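Structure file coords15.pdb (PDB, C-alpha atoms) is printed below.
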ATOM      1  CA  GLU A 235     227.875-103.077  39.207
ATOM      2  CA  ILE A 236     228.520-105.492  42.100
ATOM      3  CA  ASP A 237     227.258-104.785  45.635
ATOM      4  CA  ASN A 238     229.011-105.641  48.940
ATOM      5  CA  GLU A 239     227.550-109.174  48.924
ATOM      6  CA  GLY A 240     228.787-109.960  45.414
ATOM      7  CA  ASN A 241     225.402-109.566  43.721
ATOM      8  CA  ILE A 242     225.159-107.913  40.335
ATOM      9  CA  THR A 243     222.952-104.839  40.479
ATOM     10  CA  GLU A 244     221.626-102.568  37.758
ATOM     11  CA  GLU A 245     222.097 -98.857  37.924
ATOM     12  CA  GLU A 246     220.053 -96.479  35.789
ATOM     13  CA  LYS A 247     222.286 -94.052  33.908
ATOM     14  CA  ASP A 248     221.175 -91.001  32.009
ATOM     15  CA  PHE A 249     223.281 -90.157  28.968
ATOM     16  CA  THR A 250     221.004 -87.362  27.763
ATOM     17  CA  GLY A 251     223.004 -84.686  25.983
ATOM     18  CA  ASN A 252     226.117 -86.835  25.613
ATOM     19  CA  ILE A 253     227.804 -87.214  22.258
ATOM     20  CA  VAL A 254     227.545 -90.616  20.560
ATOM     21  CA  PRO A 255     230.825 -92.504  21.125
ATOM     22  CA  SER A 256     233.161 -93.582  18.295
ATOM     23  CA  VAL A 257     231.906 -90.868  15.938
ATOM     24  CA  PRO A 258     234.389 -88.036  15.336
ATOM     25  CA  GLU A 259     233.015 -84.537  14.994
ATOM     26  CA  ASN A 260     235.308 -83.985  12.002
ATOM     27  CA  ASN A 261     236.639 -86.516   9.502
ATOM     28  CA  ILE A 262     238.578 -84.923   6.647
ATOM     29  CA  TYR A 263     240.187 -86.608   3.639
ATOM     30  CA  LEU A 264     242.073 -84.784   0.888
ATOM     31  CA  GLY A 265     243.787 -86.379  -2.081
ATOM     32  CA  LEU A 266     246.170 -84.997  -4.681
ATOM     33  CA  SER A 267     247.423 -86.911  -7.697
ATOM     34  CA  TYR A 268     249.612 -86.157 -10.686
ATOM     35  CA  SER A 269     250.438 -88.315 -13.690
ATOM     36  CA  TYR A 270     253.012 -87.779 -16.401
ATOM     37  CA  PRO A 271     253.215 -89.599 -19.758
ATOM     38  CA  PHE A 272     256.889 -90.580 -20.210
ATOM     39  CA  HIS A 273     256.167 -92.409 -23.446
ATOM     40  CA  ARG A 274     252.983 -93.293 -25.306
ATOM     41  CA  ASN A 275     252.920 -96.657 -23.469
ATOM     42  CA  VAL A 276     254.398 -95.625 -20.110
ATOM     43  CA  SER A 277     253.145 -93.093 -17.598
ATOM     44  CA  GLY A 278     254.197 -92.357 -14.066
ATOM     45  CA  PHE A 279     252.096 -91.106 -11.203
ATOM     46  CA  ILE A 280     252.392 -89.785  -7.688
ATOM     47  CA  LYS A 281     249.578 -89.482  -5.170
ATOM     48  CA  PHE A 282     249.395 -87.899  -1.744
ATOM     49  CA  SER A 283     246.561 -88.125   0.731
ATOM     50  CA  TYR A 284     245.794 -86.427   4.027
ATOM     51  CA  THR A 285     243.409 -87.743   6.668
ATOM     52  CA  GLY A 286     242.410 -85.692   9.711
ATOM     53  CA  ILE A 287     240.252 -87.141  12.472
ATOM     54  CA  SER A 288     239.066 -85.112  15.459
ATOM     55  CA  GLY A 289     239.069 -86.698  18.906
ATOM     56  CA  LEU A 290     236.133 -88.953  19.672
ATOM     57  CA  TRP A 291     234.456 -90.220  22.817
ATOM     58  CA  VAL A 292     235.001 -93.886  23.651
ATOM     59  CA  ASP A 293     232.087 -94.512  26.032
ATOM     60  CA  ASP A 294     228.438 -93.541  26.470
ATOM     61  CA  ALA A 295     229.252 -91.530  29.612
ATOM     62  CA  ASN A 296     231.736 -89.366  27.660
ATOM     63  CA  THR A 297     234.439 -89.893  30.304
ATOM     64  CA  ASP A 298     237.363 -90.638  27.946
ATOM     65  CA  LYS A 299     238.222 -89.168  24.571
ATOM     66  CA  THR A 300     240.922 -89.878  21.967
ATOM     67  CA  ASP A 301     243.254 -87.176  20.694
ATOM     68  CA  ALA A 302     242.851 -85.829  17.176
ATOM     69  CA  TYR A 303     245.359 -87.047  14.596
ATOM     70  CA  HIS A 304     246.569 -86.262  11.084
ATOM     71  CA  LEU A 305     248.059 -88.766   8.624
ATOM     72  CA  LEU A 306     249.931 -88.303   5.349
ATOM     73  CA  ASN A 307     250.248 -91.135   2.823
ATOM     74  CA  SER A 308     251.910 -91.346  -0.592
ATOM     75  CA  VAL A 309     252.028 -93.630  -3.635
ATOM     76  CA  LEU A 310     254.520 -93.541  -6.513
ATOM     77  CA  GLY A 311     254.144 -95.745  -9.557
ATOM     78  CA  LEU A 312     254.421 -96.615 -13.231
ATOM     79  CA  ASP A 313     251.622 -97.728 -15.532
ATOM     80  CA  MET A 314     252.765 -99.549 -18.690
ATOM     81  CA  GLU A 315     250.742-100.877 -21.627
ATOM     82  CA  PHE A 316     252.012-103.417 -24.154
ATOM     83  CA  GLY A 317     249.281-104.252 -26.637
ATOM     84  CA  LYS A 318     246.529-105.919 -24.615
ATOM     85  CA  PHE A 319     248.761-106.316 -21.552
ATOM     86  CA  ASN A 320     249.007-103.836 -18.704
ATOM     87  CA  ILE A 321     251.584-103.679 -15.893
ATOM     88  CA  LEU A 322     251.114-101.422 -12.894
ATOM     89  CA  LEU A 323     254.065-101.129 -10.502
ATOM     90  CA  SER A 324     253.758 -98.974  -7.390
ATOM     91  CA  GLY A 325     255.207 -98.341  -3.966
ATOM     92  CA  SER A 326     253.652 -96.578  -1.023
ATOM     93  CA  MET A 327     254.503 -95.055   2.331
ATOM     94  CA  ASN A 328     251.650 -94.763   4.817
ATOM     95  CA  ASN A 329     251.756 -92.601   7.961
ATOM     96  CA  MET A 330     254.745 -90.723   6.507
ATOM     97  CA  LEU A 331     255.269 -88.666   9.690
ATOM     98  CA  ASP A 332     255.119 -91.790  11.915
ATOM     99  CA  VAL A 333     252.294 -90.327  14.011
ATOM    100  CA  VAL A 334     251.314 -92.228  17.165
ATOM    101  CA  TYR A 335     247.511 -92.359  17.203
ATOM    102  CA  VAL A 336     244.499 -94.379  18.281
ATOM    103  CA  GLY A 337     243.503 -96.388  15.222
ATOM    104  CA  PHE A 338     240.540 -98.223  16.739
ATOM    105  CA  THR A 339     238.397 -97.855  19.844
ATOM    106  CA  ASN A 340     236.649-100.562  21.843
ATOM    107  CA  THR A 341     233.510 -98.603  22.652
ATOM    108  CA  ASN A 342     232.186 -99.055  26.212
ATOM    109  CA  SER A 343     234.892-101.602  27.069
ATOM    110  CA  ALA A 344     234.022-103.255  30.399
ATOM    111  CA  ASP A 345     237.665-103.271  31.519
ATOM    112  CA  ARG A 346     238.202 -99.689  30.223
ATOM    113  CA  ARG A 347     240.707-100.788  27.578
ATOM    114  CA  PHE A 348     239.272 -98.448  25.001
ATOM    115  CA  TYR A 349     242.296 -97.844  22.806
ATOM    116  CA  GLU A 350     244.129 -99.806  20.115
ATOM    117  CA  ALA A 351     247.205 -98.298  18.503
ATOM    118  CA  GLY A 352     247.157 -97.147  14.907
ATOM    119  CA  THR A 353     249.629 -98.440  12.354
ATOM    120  CA  PRO A 354     253.109 -96.867  12.505
ATOM    121  CA  ARG A 355     254.921 -95.739   9.342
ATOM    122  CA  ASN A 356     254.824 -98.597   6.855
ATOM    123  CA  TYR A 357     255.759 -99.333   3.272
ATOM    124  CA  PHE A 358     254.444-101.610   0.576
ATOM    125  CA  ALA A 359     255.044-102.431  -3.044
ATOM    126  CA  SER A 360     252.554-103.709  -5.556
ATOM    127  CA  LEU A 361     252.695-105.323  -8.974
ATOM    128  CA  ASN A 362     249.487-105.745 -10.985
ATOM    129  CA  LEU A 363     249.362-107.592 -14.289
ATOM    130  CA  GLY A 364     246.370-107.185 -16.557
ATOM    131  CA  TYR A 365     245.039-108.381 -19.878
ATOM    132  CA  ARG A 366     242.330-106.622 -21.892
ATOM    133  CA  PHE A 367     239.982-108.997 -23.767
TER     134      PHE A 367
END
Let me see the structure of the file written as structure tokens.
Amino acid sequence: EIDNEGNITEEEKDFTGNIVPSVPENNIYLGLSYSYPFHRNVSGFIKFSYTGISGLWVDDANTDKTDAYHLLNSVLGLDMEFGKFNILLSGSMNNMLDVVYVGFTNTNSADRRFYEAGTPRNYFASLNLGYRF
């Protein structure tokens, strides 16, 4: 803290009984997956995941807290084997419901900019090639 003359002063603060910042009370993850063999060399799969995070404090004084949020993600893909070769092709949608949430906190930020936005709905594709020795 700065006094009237511009000098930096220290102030004793007691955080006894406060909840540790940046640690949610609840952090839940659930996953569900299903695969189906289309052919002896080709199988398909689908996966869904749910993440639920309760609100968390962003400073030692427990003056600001994030809102809880819930995210749904999905992956759809094919797994193919040709002799010793393997091809895995998949696509994913993350944050399917396009939830606006705090993805990262700057704990005890001096300028009180505690919050960084989470990732909006996004998509990706992946191709993995493998060889078994």
Original post:
Looking at A:Phe338, A:Tyr284, A:Phe272, A:Asn329, which one is nearest to Pro258 (chain A), with distances taken over all atoms listed in the file?
Top reply: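 Checking each candidate against Pro258 (chain A), we get A:Phe338 as the closest.
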**OP:** Report as a VMD selection string the full result of the PyMOL selection byres ((chain A and resi 340) around 10) when it is applied to this structure.
**Re:** chain A and resid 255 to 256 292 to 293 338 to 339 341 to 344 346 to 350
Around all the atoms of region 356-367 of chain A listed in the file, draw an axis-aligned box and extend it by 5 Å on each of the six sides; I want its centre and edge lengths in Å to one decimal, as JSON.
{"center_x": 247.9, "center_y": -103.8, "center_z": -8.5, "size_x": 25.8, "size_y": 20.4, "size_z": 40.6}
**OP:** Excluding Asp332 (chain A) and residues on its chain fewer than 4 positions from it, collect all residues at most 12 Å away from it, counting only C-alpha atoms, and give them as number ranges by chain.
**Re:** A: 303-307, 327-328, 352-357
Using the chain letters and numbers from the file, which residues does the PyMOL selection byres ((chain A and resi 273) around 12) grab, as a PDB file with C-alpha atoms, in the frame of the given file?
ATOM      1  CA  TYR A 270     253.012 -87.779 -16.401  1.00  0.00           C
ATOM      2  CA  PRO A 271     253.215 -89.599 -19.758  1.00  0.00           C
ATOM      3  CA  PHE A 272     256.889 -90.580 -20.210  1.00  0.00           C
ATOM      4  CA  ARG A 274     252.983 -93.293 -25.306  1.00  0.00           C
ATOM      5  CA  ASN A 275     252.920 -96.657 -23.469  1.00  0.00           C
ATOM      6  CA  VAL A 276     254.398 -95.625 -20.110  1.00  0.00           C
ATOM      7  CA  SER A 277     253.145 -93.093 -17.598  1.00  0.00           C
ATOM      8  CA  GLY A 278     254.197 -92.357 -14.066  1.00  0.00           C
ATOM      9  CA  LEU A 312     254.421 -96.615 -13.231  1.00  0.00           C
ATOM     10  CA  ASP A 313     251.622 -97.728 -15.532  1.00  0.00           C
ATOM     11  CA  MET A 314     252.765 -99.549 -18.690  1.00  0.00           C
ATOM     12  CA  GLU A 315     250.742-100.877 -21.627  1.00  0.00           C
ATOM     13  CA  PHE A 316     252.012-103.417 -24.154  1.00  0.00           C
TER      14      PHE A 316
END
Original post:
Applied to this file, what does the PyMOL selection byres ((chain A and resi 288) around 6) return in terms of residues, put as a list in words?
Top reply: Pro258, Asn260, Ile287, Gly289 and Ala302 of chain A
Original post:
Which of these, A:Met330, A:Val309, A:Leu290, A:Leu323, has the shortest distance to Ile253 (chain A) once you count only C-alpha atoms?
Top reply: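 Residue with the minimum atom-to-atom distance to Ile253 (chain A): A:Leu290.
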Original post:
What's the 10 Å shell around Ser360 (chain A), counting only C-alpha atoms, without same-chain residues fewer than 4 positions away, as a ChimeraX atom specification?
Top reply: /A:311,322-326
Subject >> Interatomic distance, CA of Asp301 (chain A) to CA of Gly286 (chain A) (Å, one decimal) >> reply: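 Those two atoms sit 11.1 Å apart.
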For region 289-312 of chain A, where the input has fewer atoms than it should, I would like N, CA and C atoms rebuilt and written as a PDB file, in the coordinates of the input.
ATOM      1  N   GLY A 289     239.218 -85.764  17.791  1.00  0.00           N
ATOM      2  CA  GLY A 289     239.069 -86.698  18.906  1.00  0.00           C
ATOM      3  C   GLY A 289     237.638 -87.200  18.991  1.00  0.00           C
ATOM      4  N   LEU A 290     237.475 -88.399  19.534  1.00  0.00           N
ATOM      5  CA  LEU A 290     236.133 -88.953  19.672  1.00  0.00           C
ATOM      6  C   LEU A 290     235.977 -89.616  21.035  1.00  0.00           C
ATOM      7  N   TRP A 291     234.761 -89.601  21.529  1.00  0.00           N
ATOM      8  CA  TRP A 291     234.456 -90.220  22.817  1.00  0.00           C
ATOM      9  C   TRP A 291     234.469 -91.729  22.669  1.00  0.00           C
ATOM     10  N   VAL A 292     234.882 -92.425  23.727  1.00  0.00           N
ATOM     11  CA  VAL A 292     235.001 -93.886  23.651  1.00  0.00           C
ATOM     12  C   VAL A 292     233.971 -94.617  24.508  1.00  0.00           C
ATOM     13  N   ASP A 293     233.122 -93.865  25.219  1.00  0.00           N
ATOM     14  CA  ASP A 293     232.087 -94.512  26.032  1.00  0.00           C
ATOM     15  C   ASP A 293     230.838 -93.636  26.075  1.00  0.00           C
ATOM     16  N   ASP A 294     229.711 -94.258  26.424  1.00  0.00           N
ATOM     17  CA  ASP A 294     228.438 -93.541  26.470  1.00  0.00           C
ATOM     18  C   ASP A 294     228.444 -92.397  27.478  1.00  0.00           C
ATOM     19  N   ALA A 295     229.211 -92.554  28.566  1.00  0.00           N
ATOM     20  CA  ALA A 295     229.252 -91.530  29.612  1.00  0.00           C
ATOM     21  C   ALA A 295     230.128 -90.341  29.231  1.00  0.00           C
ATOM     22  N   ASN A 296     230.822 -90.428  28.108  1.00  0.00           N
ATOM     23  CA  ASN A 296     231.736 -89.366  27.660  1.00  0.00           C
ATOM     24  C   ASN A 296     232.796 -89.043  28.711  1.00  0.00           C
ATOM     25  N   THR A 297     233.403 -90.098  29.285  1.00  0.00           N
ATOM     26  CA  THR A 297     234.439 -89.893  30.304  1.00  0.00           C
ATOM     27  C   THR A 297     235.840 -89.899  29.709  1.00  0.00           C
ATOM     28  N   ASP A 298     236.050 -90.570  28.589  1.00  0.00           N
ATOM     29  CA  ASP A 298     237.363 -90.638  27.946  1.00  0.00           C
ATOM     30  C   ASP A 298     237.224 -90.288  26.471  1.00  0.00           C
ATOM     31  N   LYS A 299     238.253 -89.616  25.959  1.00  0.00           N
ATOM     32  CA  LYS A 299     238.222 -89.168  24.571  1.00  0.00           C
ATOM     33  C   LYS A 299     239.601 -89.354  23.949  1.00  0.00           C
ATOM     34  N   THR A 300     239.648 -89.748  22.680  1.00  0.00           N
ATOM     35  CA  THR A 300     240.922 -89.878  21.967  1.00  0.00           C
ATOM     36  C   THR A 300     241.412 -88.495  21.551  1.00  0.00           C
ATOM     37  N   ASP A 301     242.693 -88.406  21.250  1.00  0.00           N
ATOM     38  CA  ASP A 301     243.254 -87.176  20.694  1.00  0.00           C
ATOM     39  C   ASP A 301     243.006 -87.155  19.189  1.00  0.00           C
ATOM     40  N   ALA A 302     242.943 -85.972  18.632  1.00  0.00           N
ATOM     41  CA  ALA A 302     242.851 -85.829  17.176  1.00  0.00           C
ATOM     42  C   ALA A 302     244.173 -86.279  16.557  1.00  0.00           C
ATOM     43  N   TYR A 303     244.116 -86.688  15.283  1.00  0.00           N
ATOM     44  CA  TYR A 303     245.359 -87.047  14.596  1.00  0.00           C
ATOM     45  C   TYR A 303     245.261 -86.703  13.115  1.00  0.00           C
ATOM     46  N   HIS A 304     246.449 -86.630  12.494  1.00  0.00           N
ATOM     47  CA  HIS A 304     246.569 -86.262  11.084  1.00  0.00           C
ATOM     48  C   HIS A 304     247.572 -87.209  10.438  1.00  0.00           C
ATOM     49  N   LEU A 305     247.193 -87.812   9.319  1.00  0.00           N
ATOM     50  CA  LEU A 305     248.059 -88.766   8.624  1.00  0.00           C
ATOM     51  C   LEU A 305     248.326 -88.311   7.197  1.00  0.00           C
ATOM     52  N   LEU A 306     249.556 -88.542   6.740  1.00  0.00           N
ATOM     53  CA  LEU A 306     249.931 -88.303   5.349  1.00  0.00           C
ATOM     54  C   LEU A 306     250.381 -89.625   4.739  1.00  0.00           C
ATOM     55  N   ASN A 307     249.887 -89.917   3.544  1.00  0.00           N
ATOM     56  CA  ASN A 307     250.248 -91.135   2.823  1.00  0.00           C
ATOM     57  C   ASN A 307     250.680 -90.757   1.407  1.00  0.00           C
ATOM     58  N   SER A 308     251.476 -91.618   0.783  1.00  0.00           N
ATOM     59  CA  SER A 308     251.910 -91.346  -0.592  1.00  0.00           C
ATOM     60  C   SER A 308     252.023 -92.639  -1.392  1.00  0.00           C
ATOM     61  N   VAL A 309     251.861 -92.508  -2.698  1.00  0.00           N
ATOM     62  CA  VAL A 309     252.028 -93.630  -3.635  1.00  0.00           C
ATOM     63  C   VAL A 309     252.786 -93.098  -4.847  1.00  0.00           C
ATOM     64  N   LEU A 310     253.739 -93.878  -5.326  1.00  0.00           N
ATOM     65  CA  LEU A 310     254.520 -93.541  -6.513  1.00  0.00           C
ATOM     66  C   LEU A 310     254.487 -94.762  -7.421  1.00  0.00           C
ATOM     67  N   GLY A 311     254.232 -94.564  -8.717  1.00  0.00           N
ATOM     68  CA  GLY A 311     254.144 -95.745  -9.557  1.00  0.00           C
ATOM     69  C   GLY A 311     254.305 -95.493 -11.043  1.00  0.00           C
ATOM     70  N   LEU A 312     254.348 -96.604 -11.770  1.00  0.00           N
ATOM     71  CA  LEU A 312     254.421 -96.615 -13.231  1.00  0.00           C
ATOM     72  C   LEU A 312     253.285 -97.467 -13.774  1.00  0.00           C
TER      73      LEU A 312
END
